[in-house]
Amino acid sequence: MSYPSPSSRARPLRLRLTLLAASGLLPLLLVLVWGINYLIEDRRSQSERSVVEVSRALGTAVDAELRSIMRLLDQMGASDELEREDLRSVHRAAIRAARQFNWHEVVLSDAEGRVLLRSGDPFGTSSPVPVEPDSLRRVIATRQPSVGHVFQTPGLKADAFAVRVPVLRSGKLVYVLSAVLPTDALLAVLVRQHIPSASVAAVFDQMRRLVVRSRPATSAFASPSLQLLLDRNGQQGAGLTLTQEGMESYTGYTRLEGVGWTVAVGTSVDGANEGLYALLRALAVGLAASLALSALLAWGLSRRVLEPIDALIEGAAALGRGEPVWLPPLEIVELDDVGVALAAAAAERDRSLQERERAATERERLVGQIADALRMAEEANRSKDQFLAVLGHELRNPLAPITNAMQLMQIKGDESTVRERRIIERQLAHVTRLVDDLLDVSRITSGRLSIRRAPVRLADLLEQLVESVRPSVDGRVLTLEIGPGTQDAWVSGDEVRLVQVFNNLLVNAIKFTPPAGSISVRAVLSDSGVRVDIVDSGIGIDADDIARIFELFYQSPQHSDRSRGGLGLGLPIVKNLVEMHGGTVAAESAGPGQGSKFTVLLPLVDAPASSRPAPLLASTVQAGRILVVDDNRDAADTCAALLEMSGYTVRVAYTPEASLQVLQQFRPDTAILDIGLPGMSGYALAGLMKAPPLSYRGKLIALTGYGQASDRADSSAAGFDAHLTKPVSPQELLDLVESLSSSAGSPS
Ligand code: ADP
């Protein structure tokens, strides 16, 4: 058995629940992402604002420092020594000032930019060429103080810069005083500003060359990303840069107005966001914990759902296998409902199964009963058929001797008993006919009836028949009409049986027609053969009965008062015989009192080439010796008496053994053997008789109640010369014996 496989869209419940729980966390996650983004942005703008603040504060401090240097130089410019142009004193004062303020040197230049003296050189030895001429030129041109860019002092090989102020007399530039400072001089300013450890501050000159840095520098210039930031316009600004150390930082800058220097302060992005990162970490841990918890919950929940589902699956499988379904109470109401429904379905299945089993048992019982009844009916039918067959034989056996005895009485010619003999003869004929019918019916029902076909001229047959019944018409008018062309109509059939057919119909017509009525037999040619109508003006047949009168034993209810006798066998025999001849028979009647018409239709055959052979019988009576063997003593004795009266010498034997003894001395010309002998059949007896030592060579006649073709074949196979069916009329017997004797060769 195959189960449908789960569809490709099927997912385990556990996964679905986990996804469900996770999806609950999704909005939270989105809000968190948005919030964190917001926080990062906020932190960034805050940090950028604060580095700009710091850079401005630092810028202010550096500017103040430079201004204080300029003020000192201004004071020196206004000194008496310079007023008096006492350059030697000025030189000394310059040396003092350089020492006092930790300057590198103090330089005095004239209005054309030529160096007049340096505090670092002995007086009068200085070269007139300025070290860093740019700023000097600017002062001369603008007559404004100026700060120069960083340069390397030739002697010290250390970075330095110059602060220069103009010395004006009555609005006219006369000198330029410069202080050359080591860049480190500004370090103290940075230190004073308390730059946080996570930040870095730096001061750049006009060329973006580093002046001073709060941390040791690896390069003399600003990092490329800082260069880009500083390229922007504006007095101040902020942005994301990478420091020389490679540290990502929020960097703010402030340009020093009038000086051309820039102060930049950067603070580590990581440092700025540290709190944020901690928050992020906490959130991530929280989120992971939530996820884990929801997965755990989903797992637990799915377990609680899956367990009942497993139970339901097992229950459904049990239902499918036809086993009892037992389910514990399930914790989930909906599933419990399904469980209850499954149990109910199982109960319903069991109930209908029981119902079916009960019905099947009942059916079997009924079928058994019907089969029994059928068997009994068949048994009864067989018993009935058997009984009829036995009855026929048993009735026929005594009929033969009675007939013979009657014949003897007639031959003896006792005149005083003529009337009684007539009565006995008539009744005997009636009984014989009934017995014949019974035997025929039993043959029909057992399928043993057969016919011997030969060409029969129907007109002859009907003429003889009508004449034979005419003595019994008792005042009724009986006519025979042979239609045109019917005179030479031949049919293929068993003459004896065809006589039986028309005799039965004719006897019925006479029987059911009052004495004043008329009966006519008409033979006409029809398309499909020859048609014989037997029409009477008798009591007629009810429409209901017409359909049934051809059934076995059926008699019209109004006729079953036994007043007319009969067994209801005549018409079924007629129907069977006609059909065996390939014909049909039908009854018609306009109703009770309207007379009846029976129509027999038989197929035609061509006339035979030669006419029927002339009867063999020769009437010469020849005396001969005859042995009669029959265990029915009356039959044997009357038969013997009949033959003796005809001049034969007759011996009788009642058993096969006796017959063999008789044969030894008697040597008959003809032996008449009953077939149903005690202990041995007539066929076997014939065999013994013909075999040595007896070697009987006379004629053999079988005399039996069995007159079928097969019986005749059996007897001829056993070596019999003739076969007579009981009861045999004495004349028939005598005729046969005579004919056999006349054709006999010499007996052994
Ligand atoms: P039965 O021996 O009773 O005559 P049949 O088989 O010959 O048996 O006939 C069956 C029944 O058919 C009769 O009992 C009778 O009721 C009816 N029947 C037969 N022939 C005629 C007829 N010529 N007229 C009226 N009824 C007939």
# chains A, B, ... in the order shown; residues from 1 in each chain; ligands from 1
$ residues_near_ligand --ligand "ligand 1" --cutoff "8 Å" --atoms "only C-alpha atoms and all ligand atoms" --output "number ranges by chain"
A: 504-506, 508-513, 535-536, 538-541, 545-546, 549-560, 564-573, 595-598
$ write_last_selection --atoms "C-alpha atoms" --output "PDB file, in the first residue's frame"
ATOM      1  CA  ASN A 504     -53.353 -37.286 -28.288  1.00  0.00           C
ATOM      2  CA  LEU A 505     -54.823 -34.162 -29.881  1.00  0.00           C
ATOM      3  CA  LEU A 506     -57.679 -36.062 -31.438  1.00  0.00           C
ATOM      4  CA  ASN A 508     -58.528 -34.608 -26.363  1.00  0.00           C
ATOM      5  CA  ALA A 509     -60.834 -33.065 -28.994  1.00  0.00           C
ATOM      6  CA  ILE A 510     -63.240 -35.930 -28.602  1.00  0.00           C
ATOM      7  CA  LYS A 511     -62.909 -35.856 -24.839  1.00  0.00           C
ATOM      8  CA  PHE A 512     -63.645 -32.123 -24.538  1.00  0.00           C
ATOM      9  CA  THR A 513     -66.418 -31.953 -27.106  1.00  0.00           C
ATOM     10  CA  VAL A 535     -60.532 -28.034 -34.552  1.00  0.00           C
ATOM     11  CA  ASP A 536     -63.357 -28.879 -32.217  1.00  0.00           C
ATOM     12  CA  GLY A 538     -66.059 -28.253 -27.623  1.00  0.00           C
ATOM     13  CA  ILE A 539     -65.824 -26.542 -24.268  1.00  0.00           C
ATOM     14  CA  GLY A 540     -62.997 -24.283 -25.318  1.00  0.00           C
ATOM     15  CA  ILE A 541     -60.076 -23.074 -23.226  1.00  0.00           C
ATOM     16  CA  ASP A 545     -55.110 -21.668 -19.346  1.00  0.00           C
ATOM     17  CA  ILE A 546     -53.895 -21.524 -22.937  1.00  0.00           C
ATOM     18  CA  ILE A 549     -51.828 -26.338 -20.931  1.00  0.00           C
ATOM     19  CA  PHE A 550     -48.493 -27.476 -22.404  1.00  0.00           C
ATOM     20  CA  GLU A 551     -46.987 -27.624 -18.912  1.00  0.00           C
ATOM     21  CA  LEU A 552     -46.491 -31.017 -17.302  1.00  0.00           C
ATOM     22  CA  PHE A 553     -49.475 -32.203 -15.217  1.00  0.00           C
ATOM     23  CA  TYR A 554     -51.435 -29.040 -15.938  1.00  0.00           C
ATOM     24  CA  GLN A 555     -55.157 -29.377 -16.288  1.00  0.00           C
ATOM     25  CA  SER A 556     -57.593 -26.559 -16.650  1.00  0.00           C
ATOM     26  CA  PRO A 557     -59.137 -26.028 -13.166  1.00  0.00           C
ATOM     27  CA  GLN A 558     -62.689 -26.553 -14.407  1.00  0.00           C
ATOM     28  CA  HIS A 559     -61.614 -29.911 -15.856  1.00  0.00           C
ATOM     29  CA  SER A 560     -59.741 -31.169 -12.853  1.00  0.00           C
ATOM     30  CA  ARG A 564     -62.861 -36.620 -17.880  1.00  0.00           C
ATOM     31  CA  GLY A 565     -59.867 -38.405 -16.428  1.00  0.00           C
ATOM     32  CA  GLY A 566     -56.340 -37.817 -17.675  1.00  0.00           C
ATOM     33  CA  LEU A 567     -53.099 -36.872 -15.950  1.00  0.00           C
ATOM     34  CA  GLY A 568     -52.169 -33.643 -17.736  1.00  0.00           C
ATOM     35  CA  LEU A 569     -49.417 -35.459 -19.698  1.00  0.00           C
ATOM     36  CA  GLY A 570     -50.832 -35.549 -23.228  1.00  0.00           C
ATOM     37  CA  LEU A 571     -50.041 -32.012 -24.372  1.00  0.00           C
ATOM     38  CA  PRO A 572     -46.512 -31.794 -22.859  1.00  0.00           C
ATOM     39  CA  ILE A 573     -45.679 -35.036 -24.680  1.00  0.00           C
ATOM     40  CA  GLY A 595     -64.325 -24.624 -29.096  1.00  0.00           C
ATOM     41  CA  SER A 596     -60.558 -25.068 -29.481  1.00  0.00           C
ATOM     42  CA  LYS A 597     -58.033 -25.301 -32.237  1.00  0.00           C
ATOM     43  CA  PHE A 598     -54.675 -27.042 -31.993  1.00  0.00           C
TER      44      PHE A 598
END
$ closest_atom_pairs --of "stretch 135-172 of chain A" --to "stretch 74-92 of chain A" --cutoff "10 Å" --atoms "only C-alpha atoms" --output "Markdown table"
| residue | atom | partner | partner_atom | distance |
| --- | --- | --- | --- | --- |
| A:Pro145 | CA | A:Asp74 | CA | 9.4 |
| A:Arg164 | CA | A:Asp74 | CA | 9.4 |
| A:Val165 | CA | A:Asp74 | CA | 6.7 |
| A:Pro166 | CA | A:Asp74 | CA | 8.0 |
| A:Val167 | CA | A:Gly77 | CA | 5.6 |
| A:Leu168 | CA | A:Gly77 | CA | 8.5 |
| A:Arg169 | CA | A:Glu83 | CA | 9.1 |
$ write_last_selection --atoms "C-alpha atoms" --output "mmCIF file, in the first residue's frame"
data_model
loop_
_atom_site.group_PDB
_atom_site.id
_atom_site.type_symbol
_atom_site.label_atom_id
_atom_site.label_comp_id
_atom_site.auth_asym_id
_atom_site.auth_seq_id
_atom_site.Cartn_x
_atom_site.Cartn_y
_atom_site.Cartn_z
ATOM 1 C CA PRO A 145 52.861 90.788 11.285
ATOM 2 C CA ARG A 164 57.705 88.397 12.112
ATOM 3 C CA VAL A 165 56.474 91.859 12.914
ATOM 4 C CA PRO A 166 57.107 95.159 11.039
ATOM 5 C CA VAL A 167 58.822 98.017 12.853
ATOM 6 C CA LEU A 168 57.282 101.293 11.616
ATOM 7 C CA ARG A 169 58.548 104.795 12.173
#
$ select_by_dssp --residues "stretch 560-730 of chain A" --states "alpha helix (DSSP H)" --output "ChimeraX atom specification"
/A:570-580,633-645,656-666,682-690,709-717,730
$ write_last_selection --atoms "C-alpha atoms" --output "compact mmCIF listing (two decimals), in the first residue's frame"
# COMPACT_ATOMS: atom_id res chain seq x y z
CA GLY A 570 -50.83 -35.55 -23.23
CA LEU A 571 -50.04 -32.01 -24.37
CA PRO A 572 -46.51 -31.79 -22.86
CA ILE A 573 -45.68 -35.04 -24.68
CA VAL A 574 -47.18 -33.61 -27.88
CA LYS A 575 -45.12 -30.44 -27.55
CA ASN A 576 -41.89 -32.34 -26.91
CA LEU A 577 -42.42 -34.76 -29.74
CA VAL A 578 -43.37 -32.04 -32.22
CA GLU A 579 -40.31 -30.03 -31.26
CA MET A 580 -38.11 -33.10 -31.61
CA ARG A 633 -44.51 -65.92 -14.51
CA ASP A 634 -47.89 -64.58 -15.69
CA ALA A 635 -46.26 -62.78 -18.58
CA ALA A 636 -44.24 -65.86 -19.53
CA ASP A 637 -47.19 -68.23 -19.20
CA THR A 638 -49.72 -66.12 -21.16
CA CYS A 639 -47.17 -65.48 -23.86
CA ALA A 640 -46.46 -69.21 -24.08
CA ALA A 641 -50.17 -70.04 -24.19
CA LEU A 642 -50.73 -67.52 -26.96
CA LEU A 643 -47.91 -68.97 -29.05
CA GLU A 644 -49.03 -72.54 -28.41
CA MET A 645 -52.50 -71.67 -29.58
CA PRO A 656 -31.63 -67.44 -16.70
CA GLU A 657 -30.19 -70.63 -15.16
CA ALA A 658 -33.36 -72.61 -15.96
CA SER A 659 -33.36 -71.23 -19.47
CA LEU A 660 -29.81 -72.53 -20.08
CA GLN A 661 -30.87 -76.00 -18.88
CA VAL A 662 -33.95 -75.98 -21.08
CA LEU A 663 -31.88 -74.90 -24.06
CA GLN A 664 -29.66 -77.97 -23.77
CA GLN A 665 -32.49 -80.40 -24.49
CA PHE A 666 -35.13 -78.30 -26.20
CA GLY A 682 -31.16 -60.68 -21.11
CA TYR A 683 -28.14 -59.39 -23.05
CA ALA A 684 -25.72 -61.41 -20.92
CA LEU A 685 -27.97 -64.44 -21.18
CA ALA A 686 -28.02 -64.15 -24.96
CA GLY A 687 -24.22 -64.10 -24.91
CA LEU A 688 -24.08 -67.30 -22.83
CA MET A 689 -26.63 -68.94 -25.10
CA LYS A 690 -24.67 -68.18 -28.23
CA ALA A 709 -32.94 -46.30 -29.62
CA SER A 710 -30.08 -46.99 -27.24
CA ASP A 711 -31.92 -50.03 -25.91
CA ARG A 712 -32.48 -51.25 -29.43
CA ALA A 713 -28.80 -50.66 -30.23
CA ASP A 714 -27.83 -52.61 -27.09
CA SER A 715 -30.00 -55.53 -28.05
CA SER A 716 -28.78 -55.68 -31.61
CA ALA A 717 -25.20 -55.47 -30.32
CA PRO A 730 -50.41 -60.61 -29.21
$ residues_around --residues "stretch 147-157 of chain A" --least-positions-apart "3" --cutoff "10 Å" --atoms "only C-alpha atoms" --output "ChimeraX atom specification"
/A:66-67,70,104,120,131-136,138-139,160-165,178-183,204-212,258-261
$ residues_around --residues "A:Ile332" --least-positions-apart "2" --cutoff "8 Å" --atoms "only C-alpha atoms" --output "PyMOL selection string"
chain A and resi 305+308+330+334-336
$ write_last_selection --atoms "C-alpha atoms" --output "mmCIF file, in the first residue's frame"
data_model
loop_
_atom_site.group_PDB
_atom_site.id
_atom_site.type_symbol
_atom_site.label_atom_id
_atom_site.label_comp_id
_atom_site.auth_asym_id
_atom_site.auth_seq_id
_atom_site.Cartn_x
_atom_site.Cartn_y
_atom_site.Cartn_z
ATOM 1 C CA VAL A 305 1.909 19.716 19.465
ATOM 2 C CA PRO A 308 -0.535 14.523 20.072
ATOM 3 C CA LEU A 330 -4.747 15.187 24.040
ATOM 4 C CA GLU A 334 -8.500 21.047 18.413
ATOM 5 C CA LEU A 335 -6.303 17.960 18.197
ATOM 6 C CA ASP A 336 -8.306 16.321 20.950
#
$ select_by_dssp --residues "stretch 178-266 of chain A" --states "strand (DSSP E)" --output "PyMOL selection string"
chain A and resi 178-182+199-204+210-213+236-242+248-255+262-266
$ write_last_selection --atoms "N, CA and C atoms" --output "compact mmCIF listing (two decimals), in the first residue's frame"
# COMPACT_ATOMS: atom_id res chain seq x y z
N SER A 178 62.08 89.40 13.66
CA SER A 178 61.55 88.03 13.58
C SER A 178 62.04 87.20 14.75
N ALA A 179 61.13 86.36 15.24
CA ALA A 179 61.54 85.36 16.25
C ALA A 179 61.45 84.00 15.57
N VAL A 180 62.57 83.29 15.57
CA VAL A 180 62.55 81.92 15.00
C VAL A 180 62.40 80.94 16.16
N LEU A 181 61.29 80.17 16.11
CA LEU A 181 60.98 79.27 17.23
C LEU A 181 61.04 77.81 16.75
N PRO A 182 61.54 76.98 17.64
CA PRO A 182 61.40 75.56 17.29
C PRO A 182 59.91 75.17 17.37
N SER A 199 42.35 61.13 21.52
CA SER A 199 42.33 62.11 20.43
C SER A 199 43.75 62.49 20.05
N VAL A 200 43.82 63.08 18.88
CA VAL A 200 45.12 63.58 18.45
C VAL A 200 44.93 64.98 17.88
N ALA A 201 45.83 65.90 18.27
CA ALA A 201 45.70 67.28 17.79
C ALA A 201 46.96 67.63 17.02
N ALA A 202 46.79 68.41 15.98
CA ALA A 202 47.96 68.80 15.19
C ALA A 202 47.76 70.18 14.62
N VAL A 203 48.91 70.87 14.41
CA VAL A 203 48.86 72.22 13.82
C VAL A 203 49.63 72.15 12.51
N PHE A 204 49.02 72.62 11.41
CA PHE A 204 49.68 72.59 10.10
C PHE A 204 49.92 74.01 9.60
N LEU A 210 53.35 69.68 8.83
CA LEU A 210 53.05 69.57 10.25
C LEU A 210 53.91 70.53 11.07
N VAL A 211 53.26 71.31 11.92
CA VAL A 211 54.00 72.19 12.83
C VAL A 211 54.26 71.45 14.12
N VAL A 212 53.14 70.98 14.68
CA VAL A 212 53.29 70.25 15.94
C VAL A 212 52.13 69.25 16.06
N ARG A 213 52.39 68.17 16.78
CA ARG A 213 51.37 67.11 16.89
C ARG A 213 51.35 66.61 18.32
N GLN A 236 36.01 76.68 9.42
CA GLN A 236 36.14 75.43 10.17
C GLN A 236 35.26 74.36 9.55
N GLY A 237 35.52 73.14 9.96
CA GLY A 237 34.74 72.03 9.41
C GLY A 237 35.11 70.73 10.10
N ALA A 238 34.42 69.65 9.69
CA ALA A 238 34.68 68.34 10.32
C ALA A 238 34.44 67.24 9.30
N GLY A 239 35.03 66.08 9.57
CA GLY A 239 34.83 64.94 8.67
C GLY A 239 35.54 63.71 9.18
N LEU A 240 35.41 62.63 8.41
CA LEU A 240 35.99 61.35 8.80
C LEU A 240 37.35 61.21 8.11
N THR A 241 38.38 60.97 8.89
CA THR A 241 39.71 60.81 8.27
C THR A 241 40.43 59.62 8.87
N LEU A 242 41.54 59.30 8.20
CA LEU A 242 42.40 58.25 8.72
C LEU A 242 43.68 58.92 9.18
N GLU A 248 40.88 55.41 12.44
CA GLU A 248 39.72 56.12 11.88
C GLU A 248 39.28 57.14 12.92
N SER A 249 39.09 58.36 12.44
CA SER A 249 38.75 59.36 13.46
C SER A 249 37.83 60.44 12.89
N TYR A 250 37.03 60.98 13.82
CA TYR A 250 36.24 62.17 13.49
C TYR A 250 37.19 63.33 13.67
N THR A 251 37.35 64.12 12.62
CA THR A 251 38.35 65.19 12.69
C THR A 251 37.70 66.56 12.43
N GLY A 252 37.98 67.49 13.33
CA GLY A 252 37.49 68.87 13.16
C GLY A 252 38.68 69.81 12.95
N TYR A 253 38.50 70.86 12.18
CA TYR A 253 39.63 71.79 11.98
C TYR A 253 39.17 73.24 12.10
N THR A 254 40.11 74.08 12.44
CA THR A 254 39.85 75.53 12.50
C THR A 254 41.04 76.24 11.88
N ARG A 255 40.75 77.15 10.96
CA ARG A 255 41.86 77.90 10.34
C ARG A 255 42.16 79.14 11.17
N THR A 262 46.45 75.91 10.19
CA THR A 262 45.22 75.19 10.50
C THR A 262 45.46 74.30 11.71
N VAL A 263 44.48 74.26 12.60
CA VAL A 263 44.56 73.36 13.76
C VAL A 263 43.52 72.24 13.53
N ALA A 264 44.01 71.01 13.62
CA ALA A 264 43.08 69.87 13.44
C ALA A 264 43.09 69.00 14.68
N VAL A 265 41.88 68.56 15.07
CA VAL A 265 41.77 67.65 16.21
C VAL A 265 40.93 66.44 15.78
N GLY A 266 41.53 65.30 15.99
CA GLY A 266 40.77 64.08 15.62
C GLY A 266 40.54 63.22 16.83
$ closest_residue --among "A:Arg522, A:Arg96, A:Arg548, A:Arg448" --to "A:Leu480" --atoms "only C-alpha atoms"
A:Arg522
$ closest_residue --among "A:Ala345, A:Gly124, A:Leu177, A:Val51" --to "A:Ala94" --atoms "only C-alpha atoms"
A:Leu177
$ closest_residue --among "A:Leu498, A:Val441, A:Pro216, A:Asp533" --to "A:Ile482" --atoms "only C-alpha atoms"
A:Asp533
$ closest_residue --among "A:Leu116, A:Val33, A:Leu601, A:Ile140" --to "A:Val585" --atoms "only C-alpha atoms"
A:Leu601
$ closest_residue --among "A:His194, A:Leu391, A:Glu112, A:Leu19" --to "A:Ala61" --atoms "only C-alpha atoms"
A:His194
$ atom_distance --atom1 "atom CA of A:Phe720" --atom2 "atom CA of A:Pro401"
22.4 Å
$ residues_around --residues "stretch 349-361 of chain A" --least-positions-apart "6" --cutoff "9 Å" --atoms "only C-alpha atoms" --output "list of chain:residue names"
A:Leu319, A:Gly322, A:Pro324
$ atom_distance --atom1 "atom CA of A:Asp735" --atom2 "atom CA of A:Glu463"
23.4 Å
$ residues_around --residues "A:Ile36" --least-positions-apart "2" --cutoff "12 Å" --atoms "only C-alpha atoms" --output "list in words"
Leu28, Leu29, Leu30, Val31, Leu32, Val33, Trp34, Tyr38, Leu39, Ile40, Glu41, Asp42, Arg43, Arg44, Asn273, Gly275, Leu276, Tyr277, Ala278, Leu279, Leu280, Arg281, Leu283 and Ala284 of chain A
$ write_last_selection --atoms "C-alpha atoms" --output "CSV table (one decimal), in the first residue's frame"
chain,number,residue,atom,x,y,z
A,28,LEU,CA,12.3,44.9,17.2
A,29,LEU,CA,15.4,44.2,15.1
A,30,LEU,CA,14.4,46.8,12.5
A,31,VAL,CA,13.8,49.4,15.2
A,32,LEU,CA,17.1,48.4,16.8
A,33,VAL,CA,19.0,48.8,13.5
A,34,TRP,CA,17.3,52.1,12.9
A,38,TYR,CA,20.5,57.0,14.5
A,39,LEU,CA,22.7,56.7,17.5
A,40,ILE,CA,25.8,56.3,15.3
A,41,GLU,CA,24.8,59.3,13.3
A,42,ASP,CA,24.0,61.3,16.4
A,43,ARG,CA,27.3,60.3,18.0
A,44,ARG,CA,29.1,61.2,14.8
A,273,ASN,CA,31.5,54.9,19.7
A,275,GLY,CA,29.7,53.2,24.6
A,276,LEU,CA,27.6,52.6,21.5
A,277,TYR,CA,29.5,49.4,20.8
A,278,ALA,CA,28.9,48.2,24.3
A,279,LEU,CA,25.3,48.9,23.8
A,280,LEU,CA,25.3,47.1,20.5
A,281,ARG,CA,27.0,44.1,22.1
A,283,LEU,CA,21.7,44.3,22.2
A,284,ALA,CA,23.2,41.6,20.1
$ atom_distance --atom1 "atom CA of A:Ala718" --atom2 "atom CA of A:His581"
29.4 Å
$ decode --residues "stretch 61-73 of chain A" --atoms "N, CA, C and O atoms" --output "short mmCIF file (atom, residue, chain, number, x, y, z; two decimals), in the first residue's frame"
data_model
loop_
_atom_site.label_atom_id
_atom_site.label_comp_id
_atom_site.auth_asym_id
_atom_site.auth_seq_id
_atom_site.Cartn_x
_atom_site.Cartn_y
_atom_site.Cartn_z
N ALA A 61 44.07 79.06 21.33
CA ALA A 61 45.26 79.01 22.20
C ALA A 61 46.53 79.26 21.39
O ALA A 61 47.40 80.04 21.80
N VAL A 62 46.63 78.58 20.18
CA VAL A 62 47.83 78.74 19.35
C VAL A 62 47.92 80.20 18.89
O VAL A 62 49.00 80.82 18.93
N ASP A 63 46.75 80.72 18.48
CA ASP A 63 46.71 82.11 18.01
C ASP A 63 47.19 83.07 19.11
O ASP A 63 47.99 83.96 18.88
N ALA A 64 46.69 82.78 20.35
CA ALA A 64 47.06 83.64 21.50
C ALA A 64 48.57 83.57 21.72
O ALA A 64 49.23 84.58 21.97
N GLU A 65 49.10 82.34 21.57
CA GLU A 65 50.54 82.15 21.77
C GLU A 65 51.32 82.98 20.75
O GLU A 65 52.26 83.70 21.09
N LEU A 66 50.90 82.85 19.46
CA LEU A 66 51.60 83.56 18.40
C LEU A 66 51.46 85.08 18.60
O LEU A 66 52.43 85.84 18.42
N ARG A 67 50.22 85.49 19.04
CA ARG A 67 50.02 86.94 19.27
C ARG A 67 50.91 87.45 20.40
O ARG A 67 51.46 88.56 20.34
N SER A 68 51.08 86.54 21.41
CA SER A 68 51.92 87.01 22.54
C SER A 68 53.36 87.17 22.06
O SER A 68 54.06 88.10 22.46
N ILE A 69 53.81 86.28 21.14
CA ILE A 69 55.17 86.39 20.60
C ILE A 69 55.29 87.71 19.80
O ILE A 69 56.25 88.46 19.92
N MET A 70 54.21 87.95 19.02
CA MET A 70 54.23 89.19 18.21
C MET A 70 54.29 90.42 19.11
O MET A 70 55.00 91.38 18.81
N ARG A 71 53.53 90.32 20.25
CA ARG A 71 53.55 91.49 21.16
C ARG A 71 54.96 91.72 21.72
O ARG A 71 55.45 92.82 21.79
N LEU A 72 55.65 90.57 22.07
CA LEU A 72 57.01 90.70 22.60
C LEU A 72 57.92 91.35 21.54
O LEU A 72 58.74 92.24 21.85
N LEU A 73 57.76 90.91 20.29
CA LEU A 73 58.59 91.47 19.22
C LEU A 73 58.27 92.96 19.02
O LEU A 73 59.18 93.78 18.80
#
